[in-house]
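Below: the structure, in structure tokens.
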Amino acid sequence: MHYEDGMLRAYLDGEVSPDVHRAIAAHLNACADCQARVEALASRAERVTRHLAVLTPLANEAATPASVALARFNASRTAHSISPAYPWREKMNSRLKSLWTAHRLLWGGLAALVIFAFLLSLEPVRAAAGEILGIFRVRKFAVVSFDPNQVQLNGEAFSANMDQLLSDSVTVLKEPGPPQSVAGAAEASALAGIPVRLPTALPDWASAQPDIRVEDGMAAQIVVDRARAQALLDLAGLSDVQLPQALDGATVTIEVPPVVIAQYGGPQIGPGGAFVLTQLRSPTVNLPPGVNLAQLGEAGLRLLGLSPEEARQFSRNIDWSSTLVIPLPTDIAAFRDVSVDGVSGVLITERSTPERGYAPHSILLWQKNGVVYSLAGQGNAEDMLAVANSLQ
Amino acid sequence: MTLVNGFLLNRSASADSAPFEALFLEHYDQVYGVLIRLLGNREEAEDLTQETFLRLYRSRFPAGQEHNLSGWLYRVATRLGYNALRSRRRRRQHEQALAQTALAERAGDPMDLADVAALAEERQRVRAVLAELPQRQAQLLLLRHLGLSYKELAAALDVAPGSVGTLLARAEQAFEARYRAWLPPSQGSAGAEGGEDHAL
């Protein structure tokens with residue numbers, strides 16, 4: 001009688017009962033065949049262990065503190081909580097996930113970059129709604145296209161440093177509250193402190209009654225450590241980008257007012273899926289005097305991989321104190337300026353990819369009377385604009 | 001051999017009543033630890049760690065698994081990591097370059113460049129071999145390496161406890177065969193492999 005390899009392997013690991021262990025040990029003394037096999041199994045196990053040991057993490061591969069990871073988890077979970085069951089959101093998320101790298105970078109504690117960070121980390125619906133932050137105040141939108149392959153944020157050392165800087169410098173003053181369902185526009189207006197508007201012209205497929213929720217706002221404070229932020233830029237290979245001296249020790253506060261989210265239609269995939277209207281009083285970012293916003297903005301653009309010339313050119317043409325700059329990866333979506341709700345806005349449309357089996361999503365963004373609006377869905381541009389133009 | 005300190009399969013008996021955040025904090029390092037080994041890329045490992053906990057969060061602990069939270073997390077994490085590793089094989093050259101850069105960038109580590117290159121190649125080889133193995137074999141080897149007992153392995157991978165020895169022996173055999181047969185994608189020469197085979 002011989003023992004099977006599996007039993008011998010378990011014997012080697014001390015994973016058999018004491019009785020069986022004794023029996024096997026006695027047998028091995030008497031059976032050259034099993035003895036040879038157990039030795040072969042032991043040496044193979046030892047070699048495999050040695051091979052796998054090379055995967056042991058190095059010092060620079062250590063985990064982010066669990067508390068920081070939890071904060072990130074909670075932030076993205078909040079984003080998911082709007083409608084976690086919607087498959088198309090899953091798809092969108094996975095699409096945007098590659099941008100998390102960019103997110104990490106941009107969370108450098110620099111006020112201008114916080115804007116990008118939120119947008120990059122969250123799916124468009126949410127991005128357009130709750131987490132839009134403005135430098136001072138959002139008056140208009142500008143889109144900057146960038147090539148994700150050019151983003152200047154490779155390297156482990158960079159990630160480690162940025163995580164540390166982030167955890168050291170950001171204090172959440174007020175956590176975003178849980179969504180609260182409301183009965184209608186009036187109740188939402190009272191809670192959010194803005195005159196909530198709803199569309200009066202709906203596409204045939206949309207449900208007439210929206211599901212309306214109000215999410216309480218949030219506030220955060222960043223104390224900037226200029227030297228460390230500059231060191232991060234150096235790590236990204238952007239030593240020529242100089243952060244303003246006035247930034248050192250500066251306290252930047254960000255406030256996001258309550259967000260009203262009205263969702264129409266069901267969760268089905270394909271044309272006629274749900275669309276979501278969000279509105280909130282413009283978020284604000286308070287920077288200390290003397291900080292040159294254009295300079296900060298340029299630094300952010302450089303991190304996205306723009307050349308010095310492109311960054312300067314872009315920066316010159318916008319008013320950083322009132323323009324929310326939306327970085328858009330060239331391979332994910334296209335954009336165009338549109339006239340909407342009596343003002344000018346921007347329409348961002350996911351690049352059409354028939355093989356993914358669903359219609360492209362679009363987001364319409366505009367600002368009117370101090371309120372930032374976004375409309376996201378899978379309708380065509382005309383439908384989206386018609387809905388937006390019918391707000392009352 | 002690296003062991004996960006204090007790992008106990010049934011530690012979370014009170015899982016269903018414990019706040020989610022406490023579970024997150026308690027298990028984060030375990031989940032990350034398995035993913036960083038599989039992937040060798042911090043960002044990717046962190047992303048999938050988040051994904052693992054998101055699945056846990058959404059599932060509100062799968063029915064009947066409350067007593068086995070660690071096992072559940074390990075199963076999900078190794079599956080996600082394995083899938084990522086396999087899809088990465090299609091862009092192997094990119095991965096190779098990335099691994100070299102990442103290792104070379106380590107500041108202040110007392111390794112010379114030859115060591116860095118050797119470790120990078122060895123890691124690439126081990127990961128490539130794991131990716132070639134059937135999923136369950138890769139999961140089994142990795143989790144056993146992390147110190148799970150047979151009982152814990154059986155629970156995490158949903159196999160009979162009595163079959164773990166057999167499955168492990170097979171997995172080790174398969175690993176070794178593929179390890180020996182592996183060729184660096186860039187060169188295809190026997191250089192690196194020859195040296196390794198002598199060591200065996």
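Chains: A, B, ... in order of the structure tokens. Residues: from 1 per chain. Ligands: from 1, in order shown.
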
Problem - Who sits within 7 Å of Leu35 (chain B), only C-alpha atoms, same chain under 5 positions skipped, as a ChimeraX atom specification - result: /B:45,77-78,81

Practice task
Compile the residues of chain B that lie within 6 Å of chain A, evaluated using only C-alpha atoms, and express the compilation as a PyMOL selection string.
Solution key: chain B and resi 25+28+37+42+102+165-166

Handout entry: Which residue of B:Leu23, B:Leu141, B:Leu157, B:Leu183 approaches Gln124 (chain B) most closely, using only C-alpha atoms
Key =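 Result for the nearest residue to Gln124 (chain B): B:Leu183.
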
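Taking CA of Tyr373 (chain A) and CA of Val285 (chain A) as endpoints, the distance between them is 18.0 Å.
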
Exercise for the section: Determine, counting only C-alpha atoms, which protein, DNA and RNA residues have an atom within 9 Å of an atom of region 170-173 of chain A; residues of the same chain fewer than 4 positions away are not included. Present the result as an NGL selection string. Expected result: :A and (109 or 165-166 or 218-224)

Could you save those same residues with N, CA, C and O atoms as a PDB file, in the first residue's frame?
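result24.pdb, freshly written:
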ATOM      1  N   GLY A 109      -3.129  68.674  -3.067  1.00  0.00           N
ATOM      2  CA  GLY A 109      -3.297  69.703  -2.062  1.00  0.00           C
ATOM      3  C   GLY A 109      -3.312  71.077  -2.694  1.00  0.00           C
ATOM      4  O   GLY A 109      -3.299  72.087  -1.995  1.00  0.00           O
ATOM      5  N   LEU A 165       1.137  63.372   1.278  1.00  0.00           N
ATOM      6  CA  LEU A 165       0.849  64.809   1.272  1.00  0.00           C
ATOM      7  C   LEU A 165      -0.653  65.042   1.418  1.00  0.00           C
ATOM      8  O   LEU A 165      -1.107  65.919   2.154  1.00  0.00           O
ATOM      9  N   LEU A 166      -1.393  64.221   0.711  1.00  0.00           N
ATOM     10  CA  LEU A 166      -2.836  64.345   0.772  1.00  0.00           C
ATOM     11  C   LEU A 166      -3.348  64.120   2.192  1.00  0.00           C
ATOM     12  O   LEU A 166      -4.115  64.916   2.731  1.00  0.00           O
ATOM     13  N   MET A 218     -20.675  69.566   1.510  1.00  0.00           N
ATOM     14  CA  MET A 218     -19.472  69.205   2.253  1.00  0.00           C
ATOM     15  C   MET A 218     -18.516  70.383   2.273  1.00  0.00           C
ATOM     16  O   MET A 218     -18.675  71.340   1.516  1.00  0.00           O
ATOM     17  N   ALA A 219     -17.568  70.301   3.152  1.00  0.00           N
ATOM     18  CA  ALA A 219     -16.547  71.336   3.204  1.00  0.00           C
ATOM     19  C   ALA A 219     -15.222  70.698   3.586  1.00  0.00           C
ATOM     20  O   ALA A 219     -15.181  69.731   4.342  1.00  0.00           O
ATOM     21  N   ALA A 220     -14.156  71.216   3.021  1.00  0.00           N
ATOM     22  CA  ALA A 220     -12.830  70.693   3.331  1.00  0.00           C
ATOM     23  C   ALA A 220     -11.830  71.837   3.362  1.00  0.00           C
ATOM     24  O   ALA A 220     -12.060  72.894   2.778  1.00  0.00           O
ATOM     25  N   GLN A 221     -10.780  71.599   4.053  1.00  0.00           N
ATOM     26  CA  GLN A 221      -9.746  72.626   4.163  1.00  0.00           C
ATOM     27  C   GLN A 221      -8.400  71.991   3.831  1.00  0.00           C
ATOM     28  O   GLN A 221      -8.098  70.879   4.244  1.00  0.00           O
ATOM     29  N   ILE A 222      -7.630  72.742   3.086  1.00  0.00           N
ATOM     30  CA  ILE A 222      -6.308  72.245   2.711  1.00  0.00           C
ATOM     31  C   ILE A 222      -5.279  73.259   3.182  1.00  0.00           C
ATOM     32  O   ILE A 222      -5.423  74.459   2.910  1.00  0.00           O
ATOM     33  N   VAL A 223      -4.306  72.793   3.909  1.00  0.00           N
ATOM     34  CA  VAL A 223      -3.187  73.665   4.253  1.00  0.00           C
ATOM     35  C   VAL A 223      -2.028  73.258   3.352  1.00  0.00           C
ATOM     36  O   VAL A 223      -1.572  72.122   3.388  1.00  0.00           O
ATOM     37  N   VAL A 224      -1.596  74.186   2.530  1.00  0.00           N
ATOM     38  CA  VAL A 224      -0.645  73.847   1.478  1.00  0.00           C
ATOM     39  C   VAL A 224       0.788  73.857   1.999  1.00  0.00           C
ATOM     40  O   VAL A 224       1.222  74.806   2.646  1.00  0.00           O
TER      41      VAL A 224
END

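Counting from CA of Ser169 (chain A), the distance to CA of Glu51 (chain B) is 25.7 Å.
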
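Relative to CA of Thr284 (chain A), CA of Ser321 (chain A) is found at 10.2 Å.
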
Handout entry: Nearest to Leu73 (chain B) by atom-to-atom distance, counting only C-alpha atoms, from B:Leu133, B:Ala138, B:Ala114, B:Leu48
Key =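 Smallest distance to Leu73 (chain B) is found for B:Leu48.
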
Exercise for the section: Just the residues within 10 Å of Val76 (chain B), please, counting only C-alpha atoms, with nothing from its chain fewer than 3 positions along; format it as a PyMOL selection string. Expected result: chain B and resi 31+48-49+51-53+55-56+70-73+79-82+156-157
